[in-house]
Amino acid sequence: MTAGGKRYIGLATWAGVLLLSGGGQVLAAAKPGVTPEARTAAYFDGVVHDRAQLRLFLQAMPKGGDLHNHLWGAPYAEDFLAWAGEDGLCVTTPRPTIAGAPCDGLGKVPAKGLAQRDPALYAQAIDALSMRNYTPGAEGAEASGHDQFFSTFGRFGAAAVDNIGPMLAVTRELAAIDHVGYVESQANPNVLHDFGAQAQATAWNGDFAGTLAALAPKMPEAIATARREMDVAEAEAARRLDCARAAAKDGPCQVEIRYQAFVERAQPPSFVFAQMALAFALVEADPRFVGVNIVNPEDHPTSLADYSLHMRMFQFLAARHPTVHRALHAGELAPGLTPPRDLTFHIREAVEIAGAQRIGHGVDIAHETGAQALLARMARDRVAVEINLTSNDGILGVKGADHPLALYRRAGVPVVLSTDDEGVSRGDMTQEYLWAATEQGLRYKDLKAMARDSLEYAFLPGASLRTSACARRDPATSTPDAACDKVLAASPKASAQWRLERAFTAFERAPRLP
């Protein structure tokens, strides 16, 4: 298009005029009388079998929140190797692991400069610290995707434990790239592990109340230490992202991040109970922490043996901390990984005993005793399931028609897409949406509903946009009135939802390649 001899590039129009992109490509025309959402959905249907164009579309799509995100699992192996270099750590040979100094050159070489000094070893280290190039039976690889995945945490742990701040920065950076505005990161200050470890030597007699009374005098100091740790970590993340600059108000610095304090289930009962008690207390004391969770492989022998005990611990502490939210890993199992009996009750006990408000993974739901009644209860009580398609495939080998995503949706259970451990899996949130579209058959309105639900079922405090005074206002076409303004000012949840709706408005009105 030209006017007065000048060419106008990439201008949007609502009149159905063809547009030119910066490269001179003709962009899709808007049709009069068709809503932006309908036009966007039709475009999605037209590109769903073109992986490159679908990726381009989904990358730009607003995705709400990532509710199942492990802080240690979010950074890529390259990040951990860079931090190892900054901290003077080493990489072991011939099987790469990040380890402490001294780096004597005899089986331990400096991590600093490794990529330039020994590209082959650097590449091997990336493979060892992640799922990249994983092939069962290959030299140096674990026996299964499950074993490879979980073994990586021990291999990069030395670079993770003292780098909470850098990990937070990377988490926000990755979210911003994927147009994710909110992250609930499963992130523990180091004092939570230390607190559990100190209690590990205590004889466990199963007395919840007595044990809690013995721990109580030590908890205020531990909570204060935890809050200081997170203060330092957040300041370091902001420094690395340069959030003090005015121009940094966009991108990663705009990603809101809250935390779930977690419990390590593959530990003795005294450790687990102490850590869980401190986690509940920390959530009450620090608004940055919005819930508690439980981690470690669900098929670990200790995790299996003590599963019901752990659920009763949650039940006991939840009764004393009724405002603390619970999002529990449950059902991250598949046939063959454990005996069949272990697939029959984990999700049910997490919901019925521990009072989980969200379930992480929930892959073995079809094997649960009374699965139909459990699904009905989850639908009725709005217990959302955090779906992690990439890691479910990599760890459990469950994908496509074998995955229960469709089962949950047919039962009316809320579902949201999340990344789990995107750095270890070498994925991102856009990939989760891509798999949902191409392997699970979801369409644009399904994905949009999931993005909205990711904020509806987030543990962000405050009223929901759906049920507040703002429900009368359309973010696409109006500004908040006085009543809605009051809600947005008081409710982080409603505010995040309003921003998402505005982002969808811009996304759906944007011109696209035909």
# chains A, B, ... in the order shown; residues from 1 in each chain; ligands from 1
>>> residues_around(residues="Leu465 in chain A", least_positions_apart="6", cutoff="8 Å", atoms="only C-alpha atoms", output="VMD selection string")
chain A and resid 471 493 to 495 497 to 498
>>> residues_around(residues="Tyr122 in chain A", least_positions_apart="4", cutoff="9 Å", atoms="only C-alpha atoms", output="PyMOL selection string")
chain A and resi 78+81+91+96+111+114-118+126-127
>>> write_last_selection(atoms="N, CA and C atoms", output="compact mmCIF listing (two decimals), in the first residue's frame")
# COMPACT_ATOMS: atom_id res chain seq x y z
N GLU A 78 22.82 -25.44 30.17
CA GLU A 78 23.78 -24.39 29.85
C GLU A 78 23.83 -23.33 30.95
N LEU A 81 25.82 -24.79 33.93
CA LEU A 81 27.25 -24.81 33.64
C LEU A 81 27.84 -23.40 33.72
N VAL A 91 33.61 -29.74 36.58
CA VAL A 91 32.85 -30.76 35.85
C VAL A 91 33.67 -32.04 35.88
N PRO A 96 30.02 -36.58 33.11
CA PRO A 96 29.95 -35.21 33.61
C PRO A 96 28.92 -35.01 34.73
N ALA A 111 34.77 -25.70 35.40
CA ALA A 111 33.59 -25.43 34.56
C ALA A 111 33.75 -24.14 33.79
N LEU A 114 34.63 -23.97 29.89
CA LEU A 114 34.61 -25.33 29.36
C LEU A 114 34.12 -25.38 27.91
N ALA A 115 33.12 -24.56 27.57
CA ALA A 115 32.57 -24.60 26.22
C ALA A 115 33.63 -24.27 25.18
N GLN A 116 34.52 -23.34 25.48
CA GLN A 116 35.58 -22.96 24.55
C GLN A 116 36.77 -23.92 24.63
N ARG A 117 37.05 -24.40 25.82
CA ARG A 117 38.24 -25.22 26.03
C ARG A 117 38.04 -26.66 25.55
N ASP A 118 36.86 -27.20 25.78
CA ASP A 118 36.58 -28.60 25.43
C ASP A 118 35.12 -28.73 25.01
N ILE A 126 25.98 -31.22 28.87
CA ILE A 126 24.59 -30.81 28.62
C ILE A 126 23.69 -32.04 28.53
N ASP A 127 24.17 -33.08 27.84
CA ASP A 127 23.38 -34.31 27.73
C ASP A 127 23.19 -34.96 29.10
>>> residues_around(residues="Leu58 in chain A", least_positions_apart="6", cutoff="12 Å", atoms="only C-alpha atoms", output="count of residues only")
31
>>> atom_distance(atom1="CA of Pro414 in chain A", atom2="CA of Gln186 in chain A")
20.7 Å
>>> residues_around(residues="Glu368 in chain A", least_positions_apart="4", cutoff="9 Å", atoms="only C-alpha atoms", output="compact mmCIF listing (two decimals) with N, CA and C atoms, in the first residue's frame")
# COMPACT_ATOMS: atom_id res chain seq x y z
N GLY A 331 -0.23 -39.45 41.36
CA GLY A 331 -0.53 -40.18 40.14
C GLY A 331 0.50 -40.01 39.05
N LEU A 343 -1.08 -47.94 41.94
CA LEU A 343 -1.78 -47.04 41.01
C LEU A 343 -3.25 -46.85 41.39
N THR A 344 -3.67 -47.43 42.50
CA THR A 344 -5.11 -47.48 42.78
C THR A 344 -5.61 -46.45 43.77
N PHE A 345 -4.73 -45.67 44.42
CA PHE A 345 -5.23 -44.83 45.51
C PHE A 345 -4.54 -43.49 45.71
N HIS A 346 -3.48 -43.20 44.99
CA HIS A 346 -2.69 -42.00 45.28
C HIS A 346 -3.47 -40.71 45.04
N ILE A 347 -4.15 -40.61 43.90
CA ILE A 347 -4.90 -39.38 43.62
C ILE A 347 -6.06 -39.26 44.60
N ARG A 348 -6.73 -40.37 44.85
CA ARG A 348 -7.88 -40.34 45.77
C ARG A 348 -7.47 -39.88 47.16
N ASP A 364 -2.21 -41.56 36.36
CA ASP A 364 -2.74 -42.92 36.54
C ASP A 364 -4.21 -42.95 36.94
N GLN A 372 -14.41 -43.35 38.51
CA GLN A 372 -15.54 -42.55 38.05
C GLN A 372 -16.04 -41.63 39.16
N LEU A 374 -14.32 -40.62 41.73
CA LEU A 374 -13.26 -39.66 42.02
C LEU A 374 -13.28 -38.52 41.00
>>> select_by_dssp(residues="range 352-445 of chain A", states="strand (DSSP E)", output="number ranges by chain")
A: 358-361, 384-387, 415-417
>>> write_last_selection(atoms="C-alpha atoms", output="PDB file, in the first residue's frame")
ATOM      1  CA  ARG A 358      -4.905 -29.127  42.608  1.00  0.00           C
ATOM      2  CA  ILE A 359      -3.275 -32.357  41.468  1.00  0.00           C
ATOM      3  CA  GLY A 360       0.071 -32.407  39.710  1.00  0.00           C
ATOM      4  CA  HIS A 361       0.223 -34.926  36.838  1.00  0.00           C
ATOM      5  CA  ALA A 384      -7.798 -28.817  38.855  1.00  0.00           C
ATOM      6  CA  VAL A 385      -5.185 -31.096  37.282  1.00  0.00           C
ATOM      7  CA  GLU A 386      -1.832 -29.708  36.151  1.00  0.00           C
ATOM      8  CA  ILE A 387      -1.098 -31.448  32.842  1.00  0.00           C
ATOM      9  CA  VAL A 415      -7.219 -28.897  33.519  1.00  0.00           C
ATOM     10  CA  VAL A 416      -4.326 -26.536  32.915  1.00  0.00           C
ATOM     11  CA  LEU A 417      -1.120 -26.941  30.929  1.00  0.00           C
TER      12      LEU A 417
END
>>> residues_around(residues="Gly355 in chain A", least_positions_apart="5", cutoff="10 Å", atoms="only C-alpha atoms", output="list in words")
Met311, Arg312, Phe314, Gln315, Ala318, Ala319, His325, Arg326, Ala327, Leu328, Arg348, Glu349, Ala350 and Val383 of chain A
>>> closest_residue(among="A:His321, A:Lys108, A:Arg265, A:Arg502", to="Leu309 in chain A", atoms="only C-alpha atoms")
A:Arg265
>>> residues_around(residues="His310 in chain A", least_positions_apart="6", cutoff="10 Å", atoms="only C-alpha atoms", output="PyMOL selection string")
chain A and resi 263+265+269+272-273+276+294+303-304+316+349-350+353-354
>>> closest_residue(among="A:Leu215, A:Ala159, A:Val290, A:Leu337", to="Ala82 in chain A", atoms="only C-alpha atoms")
A:Ala159
